[in-house]
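See below for upload-v4.cif, which holds mmCIF, C-alpha atoms.
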```
data_target
loop_
_atom_site.label_atom_id
_atom_site.label_comp_id
_atom_site.auth_asym_id
_atom_site.auth_seq_id
_atom_site.Cartn_x
_atom_site.Cartn_y
_atom_site.Cartn_z
CA MET N 1 84.43 29.19 -24.03
CA GLU N 2 81.71 29.41 -26.72
CA ILE N 3 81.41 26.73 -29.40
CA ASN N 4 82.44 29.15 -32.16
CA ASP N 5 85.55 30.02 -30.16
CA ILE N 6 86.46 26.32 -30.02
CA TYR N 7 86.00 25.97 -33.78
CA GLU N 8 88.17 29.05 -34.31
CA SER N 9 90.87 27.59 -32.06
CA LEU N 10 90.84 24.53 -34.34
CA GLY N 11 91.47 26.74 -37.36
CA ILE N 12 87.96 27.35 -38.74
CA SER N 13 87.29 30.95 -39.74
CA ARG N 14 84.08 32.81 -38.86
CA GLU N 15 82.99 32.99 -42.51
CA VAL N 16 83.33 29.23 -42.96
CA LEU N 17 81.42 28.67 -39.72
CA ALA N 18 78.60 30.97 -40.80
CA PHE N 19 78.36 29.26 -44.18
CA GLY N 20 78.29 25.83 -42.54
CA LYS N 21 75.59 26.89 -40.06
CA LYS N 22 73.36 28.02 -42.92
CA ILE N 23 73.78 24.66 -44.66
CA GLU N 24 73.19 22.68 -41.46
CA ASP N 25 69.98 24.58 -40.67
CA SER N 26 68.56 23.57 -44.05
CA LEU N 27 69.06 19.84 -43.39
CA LYS N 28 66.91 19.23 -40.29
CA GLU N 29 64.25 17.12 -42.05
CA ARG N 30 66.90 15.11 -43.90
CA PHE N 31 68.73 14.39 -40.67
CA GLN N 32 65.49 13.28 -38.99
CA ALA N 33 64.90 10.71 -41.75
CA ILE N 34 68.45 9.38 -41.30
CA ASP N 35 67.83 8.99 -37.56
CA GLU N 36 64.61 7.07 -38.19
CA THR N 37 66.44 4.58 -40.42
CA ALA N 38 69.16 4.23 -37.77
CA GLU N 39 66.52 3.42 -35.14
CA TYR N 40 65.01 0.72 -37.38
CA ASN N 41 68.40 -0.86 -38.04
CA GLN N 42 69.39 -0.63 -34.37
CA MET N 43 66.34 -2.71 -33.47
CA LYS N 44 67.30 -5.28 -36.16
CA VAL N 45 70.74 -5.71 -34.59
CA ILE N 46 69.42 -5.93 -31.03
CA ARG N 47 66.84 -8.50 -32.09
CA ALA N 48 69.55 -10.64 -33.74
CA MET N 49 71.77 -10.40 -30.64
CA GLN N 50 68.93 -11.30 -28.27
CA LYS N 51 67.75 -14.18 -30.49
CA ASN N 52 71.24 -15.68 -30.33
CA ARG N 53 71.51 -15.15 -26.56
CA VAL N 54 74.72 -13.14 -26.68
CA SER N 55 76.50 -13.34 -23.31
CA ASP N 56 79.80 -12.15 -21.93
CA ILE N 57 81.05 -15.73 -22.24
CA HIS N 58 81.12 -15.06 -25.99
CA PHE N 59 83.78 -12.38 -25.49
CA ALA N 60 86.40 -14.91 -24.31
CA ALA N 61 89.55 -15.29 -26.40
CA THR N 62 90.66 -18.41 -28.23
CA THR N 63 94.07 -19.15 -29.69
CA GLY N 64 95.71 -21.69 -31.93
CA TYR N 65 93.25 -23.59 -34.09
CA GLY N 66 90.24 -21.91 -32.48
CA TYR N 67 88.19 -25.08 -32.18
CA ASN N 68 84.82 -24.60 -30.43
CA ASP N 69 85.08 -20.80 -30.38
CA LEU N 70 81.57 -20.07 -29.09
CA GLY N 71 81.89 -16.31 -29.49
CA ARG N 72 83.01 -16.55 -33.10
CA ASP N 73 80.17 -18.91 -33.97
CA VAL N 74 77.51 -16.79 -32.26
CA LEU N 75 78.85 -13.61 -33.88
CA GLU N 76 78.43 -15.27 -37.26
CA ASP N 77 74.87 -16.28 -36.36
CA VAL N 78 74.14 -12.66 -35.37
CA TYR N 79 75.40 -11.38 -38.73
CA ALA N 80 73.39 -14.03 -40.60
CA ASP N 81 70.20 -13.12 -38.73
CA ALA N 82 70.65 -9.34 -38.97
CA PHE N 83 71.37 -9.54 -42.72
CA HIS N 84 68.82 -12.34 -43.35
CA GLY N 85 71.28 -14.91 -44.68
CA GLU N 86 71.54 -18.65 -44.03
CA SER N 87 75.13 -18.50 -42.85
CA ALA N 88 78.02 -16.10 -42.30
CA LEU N 89 81.79 -15.96 -42.19
CA VAL N 90 82.96 -13.11 -39.89
CA ARG N 91 86.65 -13.32 -39.16
CA PRO N 92 89.72 -11.29 -38.25
CA GLN N 93 91.51 -13.56 -40.74
CA LEU N 94 89.60 -11.69 -43.48
CA MET N 95 92.04 -8.80 -43.61
CA SER N 96 90.07 -6.32 -45.70
CA GLY N 97 87.07 -5.92 -47.95
CA THR N 98 89.22 -6.82 -50.94
CA HIS N 99 90.41 -9.99 -49.19
CA ALA N 100 86.84 -10.97 -48.28
CA LEU N 101 85.76 -10.46 -51.90
CA HIS N 102 88.72 -12.53 -53.11
CA ILE N 103 87.77 -15.37 -50.75
CA ALA N 104 84.11 -15.25 -51.82
CA LEU N 105 85.03 -15.24 -55.51
CA SER N 106 87.83 -17.82 -55.48
CA GLY N 107 85.85 -20.10 -53.17
CA ASN N 108 82.91 -20.22 -55.55
CA LEU N 109 84.59 -20.13 -58.98
CA ARG N 110 86.40 -22.95 -60.75
CA PRO N 111 88.62 -23.08 -63.87
CA GLY N 112 86.52 -22.45 -66.97
CA ASP N 113 83.79 -20.57 -65.08
CA GLU N 114 82.83 -17.06 -66.13
CA LEU N 115 82.58 -14.10 -63.80
CA LEU N 116 80.30 -11.29 -65.00
CA SER N 117 80.19 -7.71 -63.76
CA PRO N 118 77.00 -6.10 -65.14
CA VAL N 119 77.76 -2.73 -63.50
CA GLY N 120 81.02 -1.82 -65.21
CA LYS N 121 84.58 -2.03 -63.94
CA PRO N 122 84.92 -2.97 -60.28
CA TYR N 123 86.89 -1.07 -57.65
CA ASP N 124 90.58 -0.68 -58.43
CA THR N 125 91.90 -3.25 -55.93
CA LEU N 126 89.72 -5.98 -57.47
CA GLU N 127 91.30 -5.53 -60.89
CA GLU N 128 94.33 -7.57 -59.87
CA VAL N 129 92.20 -10.09 -57.97
CA ILE N 130 90.23 -10.75 -61.15
CA GLY N 131 93.16 -10.36 -63.55
CA ILE N 132 91.93 -7.29 -65.42
CA ARG N 133 95.42 -6.09 -64.58
CA ASP N 134 97.80 -9.05 -64.59
CA SER N 135 98.87 -10.14 -61.13
CA VAL N 136 100.29 -13.27 -59.57
CA GLY N 137 97.52 -15.47 -58.18
CA SER N 138 94.65 -13.73 -59.98
CA LEU N 139 91.46 -15.54 -60.96
CA LYS N 140 92.60 -15.22 -64.56
CA GLU N 141 95.69 -17.31 -63.75
CA TYR N 142 93.37 -20.02 -62.46
CA GLY N 143 91.36 -20.09 -65.67
CA VAL N 144 88.40 -17.95 -64.65
CA ILE N 145 87.03 -15.86 -67.53
CA TYR N 146 85.87 -12.30 -66.88
CA ARG N 147 83.15 -10.39 -68.71
CA GLN N 148 81.95 -6.86 -68.10
CA VAL N 149 78.91 -4.88 -69.20
CA ASP N 150 79.19 -1.16 -68.62
CA LEU N 151 76.36 0.96 -67.32
CA LEU N 152 74.60 3.19 -69.80
CA GLU N 153 75.51 6.88 -69.87
CA ASP N 154 72.61 7.77 -67.55
CA GLY N 155 73.78 5.17 -64.99
CA SER N 156 71.06 2.63 -65.81
CA PHE N 157 71.65 -1.05 -66.48
CA ASP N 158 72.30 -2.15 -70.06
CA TYR N 159 69.81 -5.00 -69.90
CA ASP N 160 70.17 -5.98 -73.57
CA ASN N 161 73.91 -6.52 -73.33
CA ILE N 162 73.61 -8.15 -69.89
CA ALA N 163 71.18 -10.69 -71.37
CA ALA N 164 73.60 -11.31 -74.21
CA ALA N 165 76.55 -11.76 -71.83
CA VAL N 166 74.93 -14.40 -69.60
CA ASN N 167 75.73 -17.85 -71.01
CA GLU N 168 76.17 -21.47 -69.96
CA LYS N 169 79.59 -20.71 -68.41
CA THR N 170 78.40 -17.75 -66.32
CA LYS N 171 78.84 -19.02 -62.76
CA LEU N 172 78.91 -15.85 -60.68
CA VAL N 173 77.72 -12.27 -61.11
CA THR N 174 79.45 -9.59 -59.03
CA ILE N 175 77.57 -6.37 -58.32
CA GLN N 176 79.36 -3.46 -56.71
CA ARG N 177 76.88 -1.43 -54.69
CA SER N 178 79.06 1.61 -54.07
CA LYS N 179 80.63 3.86 -56.66
CA GLY N 180 84.31 3.17 -55.96
CA TYR N 181 86.58 5.62 -57.75
CA ALA N 182 83.85 6.56 -60.19
CA THR N 183 81.29 9.32 -60.24
CA ARG N 184 78.37 7.04 -61.08
CA PRO N 185 75.40 6.82 -58.70
CA THR N 186 75.56 4.21 -55.96
CA LEU N 187 73.07 1.39 -56.51
CA SER N 188 70.05 1.26 -54.22
CA VAL N 189 69.07 -2.11 -52.76
CA LYS N 190 65.86 -1.92 -54.79
CA ARG N 191 67.79 -1.51 -58.07
CA ILE N 192 70.14 -4.33 -57.09
CA GLY N 193 67.11 -6.55 -56.51
CA GLU N 194 65.73 -5.69 -59.95
CA LEU N 195 69.06 -6.57 -61.57
CA ILE N 196 69.34 -9.87 -59.68
CA SER N 197 65.77 -10.80 -60.64
CA PHE N 198 66.51 -10.06 -64.31
CA ILE N 199 69.68 -12.19 -64.30
CA LYS N 200 68.12 -15.10 -62.41
CA ASN N 201 65.20 -15.15 -64.85
CA ILE N 202 67.80 -15.84 -67.55
CA LYS N 203 69.88 -18.29 -65.49
CA PRO N 204 68.34 -19.30 -62.14
CA ASP N 205 71.41 -21.14 -60.82
CA VAL N 206 73.86 -18.25 -61.23
CA ILE N 207 75.40 -16.98 -57.97
CA CYS N 208 74.78 -13.26 -57.40
CA MET N 209 77.33 -11.64 -55.10
CA VAL N 210 77.11 -8.02 -53.92
CA ASP N 211 80.11 -5.99 -52.81
CA ASN N 212 78.26 -4.33 -49.93
CA CYS N 213 81.16 -2.13 -48.73
CA TYR N 214 80.02 1.29 -47.46
CA GLY N 215 76.34 0.33 -47.80
CA GLU N 216 75.49 -1.57 -44.61
CA PHE N 217 72.68 0.02 -42.55
CA VAL N 218 72.28 2.96 -44.92
CA GLU N 219 68.87 1.59 -45.91
CA ARG N 220 66.40 -0.56 -43.98
CA ILE N 221 67.06 -3.57 -46.19
CA GLU N 222 70.23 -5.23 -47.46
CA PRO N 223 70.90 -7.00 -50.79
CA THR N 224 70.27 -10.39 -49.13
CA ASP N 225 66.66 -9.23 -48.73
CA VAL N 226 66.27 -8.92 -52.52
CA GLY N 227 67.85 -12.11 -53.79
CA ALA N 228 71.64 -11.75 -53.35
CA ASP N 229 73.30 -15.11 -52.68
CA MET N 230 76.25 -13.46 -50.94
CA ILE N 231 77.01 -10.01 -49.57
CA VAL N 232 80.57 -9.11 -48.69
CA GLY N 233 82.14 -6.28 -46.70
CA SER N 234 84.84 -5.01 -44.36
CA LEU N 235 84.63 -4.64 -40.59
CA ILE N 236 86.71 -1.46 -40.67
CA LYS N 237 83.90 0.09 -42.67
CA ASN N 238 80.23 0.31 -41.63
CA PRO N 239 79.53 -2.90 -39.68
CA GLY N 240 82.56 -2.65 -37.40
CA GLY N 241 81.17 0.54 -35.90
CA GLY N 242 84.67 1.98 -35.50
CA LEU N 243 85.58 -0.62 -32.85
CA ALA N 244 86.55 -3.68 -34.89
CA PRO N 245 90.32 -3.41 -35.45
CA ILE N 246 90.35 -5.77 -38.46
CA GLY N 247 88.11 -8.22 -40.26
CA GLY N 248 85.64 -8.88 -43.00
CA TYR N 249 82.37 -10.71 -43.48
CA ILE N 250 80.56 -12.84 -46.06
CA VAL N 251 76.85 -13.52 -45.48
CA GLY N 252 74.44 -15.51 -47.61
CA ARG N 253 73.57 -18.98 -48.84
CA LYS N 254 75.07 -21.74 -46.72
CA ASP N 255 76.67 -23.59 -49.62
CA CYS N 256 78.33 -20.39 -50.87
CA ILE N 257 79.61 -19.52 -47.39
CA ASP N 258 80.91 -23.06 -46.84
CA ARG N 259 82.89 -22.93 -50.10
CA ALA N 260 84.34 -19.56 -49.12
CA SER N 261 85.35 -20.95 -45.71
CA TYR N 262 87.26 -23.82 -47.36
CA ARG N 263 89.19 -21.25 -49.38
CA LEU N 264 89.90 -19.13 -46.29
CA SER N 265 91.21 -22.04 -44.20
CA ALA N 266 91.61 -25.36 -46.05
CA PRO N 267 89.45 -28.07 -47.62
CA GLY N 268 87.95 -30.17 -44.83
CA LEU N 269 88.52 -27.47 -42.20
CA GLY N 270 86.25 -24.62 -43.27
CA LYS N 271 84.56 -22.68 -40.48
CA GLU N 272 85.73 -25.03 -37.74
CA VAL N 273 89.10 -23.30 -37.35
CA GLY N 274 90.19 -19.70 -36.92
CA ALA N 275 90.86 -18.30 -33.46
CA SER N 276 89.16 -15.03 -32.50
CA LEU N 277 92.26 -13.87 -30.57
CA GLY N 278 90.29 -11.81 -28.05
CA LEU N 279 88.59 -9.61 -30.65
CA ASN N 280 85.02 -10.86 -30.24
CA GLN N 281 83.90 -8.15 -27.82
CA GLN N 282 85.02 -5.36 -30.16
CA MET N 283 83.29 -7.06 -33.08
CA PHE N 284 80.03 -7.59 -31.20
CA GLN N 285 80.02 -4.08 -29.75
CA GLY N 286 81.03 -2.48 -33.04
CA PHE N 287 78.17 -4.24 -34.82
CA PHE N 288 75.80 -3.05 -32.06
CA LEU N 289 76.93 0.56 -32.53
CA SER N 290 77.06 0.42 -36.32
CA PRO N 291 73.56 1.78 -37.16
CA THR N 292 74.18 4.92 -35.10
CA VAL N 293 77.72 5.39 -36.39
CA VAL N 294 76.51 4.99 -39.97
CA ALA N 295 73.85 7.64 -39.31
CA GLY N 296 76.55 10.12 -38.26
CA ALA N 297 78.57 9.35 -41.37
CA LEU N 298 75.48 9.79 -43.56
CA LYS N 299 74.77 13.20 -42.07
CA GLY N 300 78.35 14.18 -42.83
CA ALA N 301 77.98 13.00 -46.42
CA VAL N 302 74.75 14.94 -46.95
CA PHE N 303 76.32 18.03 -45.36
CA ALA N 304 79.37 17.72 -47.65
CA ALA N 305 77.14 17.41 -50.71
CA ARG N 306 75.20 20.55 -49.84
CA VAL N 307 78.31 22.56 -48.99
CA TYR N 308 80.15 21.79 -52.20
CA GLU N 309 77.24 21.90 -54.62
CA LYS N 310 76.38 25.36 -53.28
CA LEU N 311 79.90 26.40 -54.24
CA GLY N 312 79.45 25.08 -57.77
CA PHE N 313 81.39 21.80 -57.57
CA PRO N 314 79.86 18.65 -59.15
CA VAL N 315 78.85 16.20 -56.41
CA VAL N 316 77.51 12.62 -56.51
CA PRO N 317 74.99 12.20 -55.06
CA ASP N 318 73.69 15.72 -54.72
CA GLY N 319 72.27 17.13 -51.50
CA THR N 320 68.67 16.12 -52.24
CA GLU N 321 69.08 12.62 -53.70
CA SER N 322 68.43 9.47 -51.69
CA ARG N 323 71.53 7.89 -50.14
CA HIS N 324 72.63 4.29 -50.63
CA ASP N 325 76.15 4.40 -49.20
CA ILE N 326 78.22 6.70 -46.98
CA ILE N 327 80.56 7.93 -49.75
CA GLN N 328 80.35 11.46 -51.08
CA ALA N 329 82.15 12.23 -54.33
CA VAL N 330 83.18 15.82 -54.98
CA THR N 331 84.83 16.70 -58.30
CA LEU N 332 87.32 19.47 -57.59
CA GLY N 333 88.83 19.54 -61.09
CA THR N 334 92.50 19.91 -60.17
CA PRO N 335 95.16 17.92 -58.29
CA GLU N 336 95.60 20.92 -55.97
CA GLY N 337 91.92 20.80 -55.04
CA VAL N 338 92.02 17.09 -54.19
CA ILE N 339 95.18 17.56 -52.11
CA ALA N 340 93.83 20.59 -50.21
CA PHE N 341 90.55 18.80 -49.43
CA CYS N 342 92.37 15.74 -48.06
CA GLN N 343 94.74 17.88 -46.04
CA GLY N 344 91.71 19.52 -44.44
CA ILE N 345 90.23 16.15 -43.47
CA GLN N 346 93.57 15.13 -41.97
CA ALA N 347 93.81 18.38 -40.03
CA ALA N 348 90.44 17.62 -38.40
CA ALA N 349 91.52 14.16 -37.19
CA PRO N 350 91.95 13.15 -33.53
CA VAL N 351 95.02 11.10 -34.53
CA ASP N 352 97.92 12.44 -36.62
CA SER N 353 96.21 15.80 -37.20
CA TYR N 354 99.66 17.39 -37.59
CA VAL N 355 100.53 15.16 -40.58
CA SER N 356 100.07 16.50 -44.11
CA PRO N 357 99.05 13.74 -46.55
CA GLU N 358 100.63 13.57 -50.00
CA PRO N 359 99.85 11.42 -53.06
CA TRP N 360 101.80 8.16 -53.40
CA ASP N 361 101.86 4.98 -55.48
CA MET N 362 99.75 2.63 -53.36
CA PRO N 363 99.65 -1.14 -54.09
CA GLY N 364 96.61 -2.12 -56.14
CA TYR N 365 96.04 1.27 -57.80
CA ASP N 366 96.98 2.49 -61.29
CA ALA N 367 97.64 6.13 -60.33
CA PRO N 368 99.03 7.97 -57.30
CA VAL N 369 96.45 8.12 -54.53
CA ILE N 370 96.15 10.56 -51.65
CA MET N 371 94.53 9.33 -48.46
CA ALA N 372 93.59 11.32 -45.38
CA ALA N 373 92.78 9.17 -42.39
CA GLY N 374 93.78 10.19 -38.90
CA ALA N 375 92.10 7.09 -37.54
CA PHE N 376 92.25 4.94 -34.42
CA VAL N 377 92.30 1.90 -36.75
CA GLN N 378 94.68 2.11 -39.70
CA GLY N 379 92.75 2.47 -42.95
CA SER N 380 89.37 2.54 -41.23
CA SER N 381 87.01 4.33 -43.60
CA ILE N 382 84.05 4.38 -41.23
CA GLU N 383 86.23 6.88 -39.39
CA LEU N 384 86.59 10.35 -40.91
CA SER N 385 88.55 9.89 -44.11
CA ALA N 386 88.93 11.06 -47.69
CA ASP N 387 90.90 9.80 -50.62
CA GLY N 388 91.16 9.99 -54.36
CA PRO N 389 93.37 9.13 -57.31
CA ILE N 390 95.41 11.96 -58.76
CA LYS N 391 93.97 11.65 -62.25
CA PRO N 392 91.09 13.28 -64.16
CA PRO N 393 88.43 14.27 -63.31
CA TYR N 394 90.26 14.91 -59.99
CA ALA N 395 87.45 13.82 -57.71
CA VAL N 396 87.78 13.23 -53.98
CA TYR N 397 85.79 10.62 -52.08
CA PHE N 398 84.78 11.56 -48.55
CA GLN N 399 83.35 9.11 -46.05
CA GLY N 400 83.02 8.28 -42.41
CA GLY N 401 83.01 10.10 -39.13
CA LEU N 402 82.26 8.12 -35.97
CA THR N 403 80.05 11.03 -34.92
CA TRP N 404 78.18 13.65 -36.92
CA TYR N 405 80.05 16.39 -35.11
CA HIS N 406 83.41 15.06 -36.22
CA ALA N 407 82.19 14.68 -39.80
CA LYS N 408 80.98 18.27 -39.68
CA LEU N 409 84.38 19.50 -38.47
CA GLY N 410 86.10 17.57 -41.26
CA ILE N 411 84.01 19.20 -43.98
CA LEU N 412 84.46 22.67 -42.51
CA MET N 413 88.21 22.09 -42.33
CA SER N 414 88.34 20.85 -45.93
CA LEU N 415 86.61 24.04 -47.02
CA GLN N 416 89.02 26.09 -44.92
CA LYS N 417 92.02 24.49 -46.65
CA LEU N 418 90.51 25.12 -50.09
CA MET N 419 90.11 28.78 -49.14
CA GLU N 420 93.69 29.00 -47.92
CA ALA N 421 94.85 27.46 -51.21
CA GLY N 422 92.90 30.09 -53.15
CA ILE N 423 90.60 27.51 -54.76
CA VAL N 424 87.50 28.85 -52.99
CA SER N 425 87.09 32.53 -52.21
CA GLY N 426 85.57 34.05 -49.11
CA SER N 427 83.27 36.14 -51.29
CA SER N 428 81.73 32.98 -52.79
CA LEU N 429 80.69 31.92 -49.27
CA CYS N 430 79.05 35.25 -48.60
CA GLU N 431 77.09 35.06 -51.85
CA GLN N 432 75.30 31.89 -50.78
#
```

Could you write out this structure as structure tokens?
Amino acid sequence: MEINDIYESLGISREVLAFGKKIEDSLKERFQAIDETAEYNQMKVIRAMQKNRVSDIHFAATTGYGYNDLGRDVLEDVYADAFHGESALVRPQLMSGTHALHIALSGNLRPGDELLSPVGKPYDTLEEVIGIRDSVGSLKEYGVIYRQVDLLEDGSFDYDNIAAAVNEKTKLVTIQRSKGYATRPTLSVKRIGELISFIKNIKPDVICMVDNCYGEFVERIEPTDVGADMIVGSLIKNPGGGLAPIGGYIVGRKDCIDRASYRLSAPGLGKEVGASLGLNQQMFQGFFLSPTVVAGALKGAVFAARVYEKLGFPVVPDGTESRHDIIQAVTLGTPEGVIAFCQGIQAAAPVDSYVSPEPWDMPGYDAPVIMAAGAFVQGSSIELSADGPIKPPYAVYFQGGLTWYHAKLGILMSLQKLMEAGIVSGSSLCEQ
């Protein structure tokens, strides 16, 4: 059976295949650059694992309190070394990226402190953590004040208003690297470093935390290399490599990590407790695979950008811009477009491909959200996935793909579903 016959048996038409082949052929140099970055980051991870003398003894399970969990402690040392931090908290007890961010924030903020976001409104699920939207247990309820400085219209930092916002109560600055449910550019590590330097010149003792979700191993450096005091992320995104079944991480300054650990467990206990429950091997191996997995997801994102910009849809970033996370935003302009796209991603999944996703009122969001994720790990967005809120401008956010080939299939299938819905015409493919 020829490869095109297999694609056709999966539901991809010849015209979509031909269009995709033309796009793929134009991306060879871009893909080579992605592979070179993956090689660099792979060596970083191997060096960190060898330095910390990782052994199969570190894969053993602990239960109960988890005292003297050698594997857990070495895994945290590996993360700290790979991301150039003093210490790390890498735990299955960190249930998501949002939870890890909550622990980092609440561990390092006290009543009367101010939290500043100099990059606009954070991701939707943090709104209730902070108290932008009232919620039980928010930082606002505990007396933490929140300030926000929006980006300028061109996506640059509003340095004048940032300088004006920093004051004697500003304790922590939170910087979201990725775009979230916005169509702004993702922040490069270099730009994050410039922002941190500017803020610390005004107030040297302020804690700068970076929400690093979706950004790990996309570049050769991480925000901890340019002055971030903490970086925070989810293990079911980039650094879990598709193998970690749960977990989050916080890497950075030892005092910041220690305070976060007291919030995660209890004062006086900190990092000393927390059983690994037999998950260490998956976490070690997922981190080892992560640079290569991220490279596959990046290729899928670049491919998606080129496909949809050729068809006239606004995309962020476009197919030629540098990449700083694995997320590709495509503005489809209608609810039907967002739904068709997500149904195509679901149809390409190895798990639950027969399910048709529909929008629903998810906890933590202010509008119905549609999510396509036929994943081995529930909610894993390093696996092929797409989601978006059903509200203007009706943009969809595509990410993941444990292999480039799966990411490619997902994009072709999304285009196929848009054609079947009459949103994209076959003639528009032939014109390209």

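Here atom CA of Gly20 of chain N and atom CA of Lys237 of chain N stand 26.3 Å from one another.
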
| query | Written as a PyMOL selection string, what is the full residue list that the PyMOL selection byres ((chain N and resi 99) around 10) yields on the file shown? | reply | chain N and resi 93-98+100-105+125-126+129+232-234+247-249+264

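For Arg110 of chain N, the set of protein, DNA and RNA residues having any atom at most 10 Å away, when counting all atoms listed in the file and skipping those fewer than 6 positions along the same chain, is Leu139, Tyr142, Gly143, Val144, Ile145 and Lys171 of chain N.
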
Adding 8 Å on each side of the box along x, y and z that holds all listed atoms of segment 307-317 of chain N, could you give its centre and edge lengths in Å to one decimal, as lines of an AutoDock Vina configuration file?
```
center_x = 78.2
center_y = 19.3
center_z = -54.1
size_x = 22.4
size_y = 30.2
size_z = 26.2
```

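Across N:Val74, N:Leu269, N:Ile132, N:Ala348, the tightest approach to Leu409 of chain N is made by N:Ala348 when counting all atoms listed in the file.
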
| query | Which of these, N:Ala295, N:Tyr159, N:Leu10, N:Gly426, has the shortest distance to Gly410 of chain N once you count all atoms listed in the file? | reply | N:Leu10

| request: Grab the atom CA of Gly131 of chain N to atom CA of Gly107 of chain N distance for me, in Å with one decimal place. | output: 16.0 Å

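Considering the residues N:Phe31, N:Leu279, N:Ser13, N:Asn201 and counting all atoms listed in the file, Ala61 of chain N has its shortest atom-to-atom contact with N:Leu279.
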
| request: Quick one: everything within 9 Å of Lys179 of chain N, counting all atoms listed in the file, minus sequence neighbours fewer than 4 positions away in the same chain. Send it as a list in words. | output: Pro122, Tyr123, Thr183, Arg184, Pro185, Thr186, Leu187, Asp325, Ile327 and Ala329 of chain N

| field | Of the listed residues N:Leu172, N:Cys256, N:Ile345, N:Ala373, that which approaches Leu412 of chain N most closely, counting all atoms listed in the file | value | N:Ile345

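Closest to Gly379 of chain N among N:Gln416, N:Thr334, N:Gln399, N:Ser156 is N:Gln399, based on only C-alpha atoms.
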
| query | To one decimal place, how far is atom CA of Asp258 of chain N from atom CA of Leu115 of chain N in Å? | reply | 19.3 Å

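Checking N:Arg191, N:His324, N:Lys200, N:Arg53 one by one against Ala163 of chain N, counting all atoms listed in the file, you find the shortest gap at N:Lys200.
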
| Do you know which residues the PyMOL selection byres ((chain N and resi 16) around 10) returns on this file, as a PyMOL selection string? | chain N and resi 8+12-15+17-21+412-413+415-416+419+426+429-430

| field | Residue IDs satisfying the PyMOL selection byres ((chain N and resi 202) around 12), as a PyMOL selection string | value | chain N and resi 159-160+162-168+170+195-201+203-206

Emit the selected residues as a compact mmCIF listing (two decimals), in the coordinates of the input, including C-alpha atoms.
```
# COMPACT_ATOMS: atom_id res chain seq x y z
CA TYR N 159 69.81 -5.00 -69.90
CA ASP N 160 70.17 -5.98 -73.57
CA ILE N 162 73.61 -8.15 -69.89
CA ALA N 163 71.18 -10.69 -71.37
CA ALA N 164 73.60 -11.31 -74.21
CA ALA N 165 76.55 -11.76 -71.83
CA VAL N 166 74.93 -14.40 -69.60
CA ASN N 167 75.73 -17.85 -71.01
CA GLU N 168 76.17 -21.47 -69.96
CA THR N 170 78.40 -17.75 -66.32
CA LEU N 195 69.06 -6.57 -61.57
CA ILE N 196 69.34 -9.87 -59.68
CA SER N 197 65.77 -10.80 -60.64
CA PHE N 198 66.51 -10.06 -64.31
CA ILE N 199 69.68 -12.19 -64.30
CA LYS N 200 68.12 -15.10 -62.41
CA ASN N 201 65.20 -15.15 -64.85
CA LYS N 203 69.88 -18.29 -65.49
CA PRO N 204 68.34 -19.30 -62.14
CA ASP N 205 71.41 -21.14 -60.82
CA VAL N 206 73.86 -18.25 -61.23
```

| request: Find the residues around Ile34 of chain N up to 8 Å (all atoms listed in the file counted), leave out those fewer than 3 positions away in its own chain, and share them as a count of residues only. | output: 7
